[in-house]
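Notes to accompany the following structure.
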Amino acid sequence: MIDLFINDSDHSADYEAEEYNTIANKLSQHAIVLSDNSHCTDKLLEFSLDTNRHFVFFQENPREHWYPGAGIGFSFIR
């Protein structure tokens with residue numbers, strides 16, 4: 001069983017969705033799924049809704065940096 005899954009591979013939306021489909025039945029009851037891609041796709045949100053999981057989004061907001069920041073999605077069951 002998987003307790004923690006971090007999605008940080010191919011950043012295409014289709015690939016990301018397929019990774020979630022692949023692990024869905026391998027997640028433990030209290031597994032946490034993270035994605036550093038949640039600022040540009042909604043695939044972790046969709047996965048969370050489809051599997052009755054909670055979704056939280058954290059937006060990076062770096063100050064005085066050339067990169068505007070990414071977003072990390074968290075999917076979990078309470």
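Labeling convention for the structure tokens: chains A, B, ... as they appear, residues from 1 per chain, ligands from 1 in order of appearance.
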| task | Find the residues near A:Gln29: any atom within 12 Å, counting only C-alpha atoms, skip ones fewer than 3 places away on the same chain, and give them as a PyMOL selection string. | result | chain A and resi 1-4+24-26+32-33+51-53+75-78
| note | Students should find that atom CA of A:Asp36 and atom CA of A:Gly71 are spaced 5.9 Å
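Proximity ranking of A:Phe5, A:His11, A:Gly69, A:Ile23 relative to A:Asn37 places A:His11 first, based on only C-alpha atoms.
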| query | Could you work out how far atom CA of A:Leu44 lies from atom CA of A:Phe74, giving the answer in Å with one decimal? | reply |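 About the pair atom CA of A:Phe74 and atom CA of A:Leu44: they are 8.0 Å apart.
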| Per-residue DSSP, chain A, filtered to strand (DSSP E or B), as a list in words |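 Written out, the strand (DSSP E or B) residues of chain A are Ile2, Asp3, Leu4, Phe5, Ile6, Asn7, Leu27, Ser28, Gln29, His30, Ala31, Ile32, Val33, Leu34, Ser35, His54, Phe55, Val56, Phe57, Phe58, Gln59, Gly71, Ile72, Gly73, Phe74, Ser75 and Phe76 of chain A.
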| request: Could you check how far atom CA of A:His65 sits from atom CA of A:Thr41, in Å to one decimal? | output: 22.8 Å
| message | Ranking A:Asn7, A:Asn61, A:Ser48, A:Asn21 by minimum distance to A:Leu34 and counting only C-alpha atoms, which one comes first? | response |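 So, comparing all the options, the nearest one is A:Asn7.
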| Residues of stretch 1-63 of chain A in alpha helix (DSSP H), written as a list in words | Ala13, Asp14, Tyr15, Glu16, Ala17, Glu18, Glu19, Tyr20, Asn21, Thr22, Ile23, Lys43, Leu44, Leu45, Glu46, Phe47, Ser48, Leu49 and Asp50 of chain A
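For the residues A:Phe55, A:Ser38, A:Glu60, A:Phe47, ranking by smallest atom-to-atom distance to A:Thr22 using only C-alpha atoms places A:Phe47 first.
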| query | Out of A:Leu27, A:Leu45, A:Val56, A:Cys40, which residue has the shortest atom-to-atom distance to A:Ala13 when counting only C-alpha atoms? | reply |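 Smallest separation from A:Ala13 among the options: A:Cys40.
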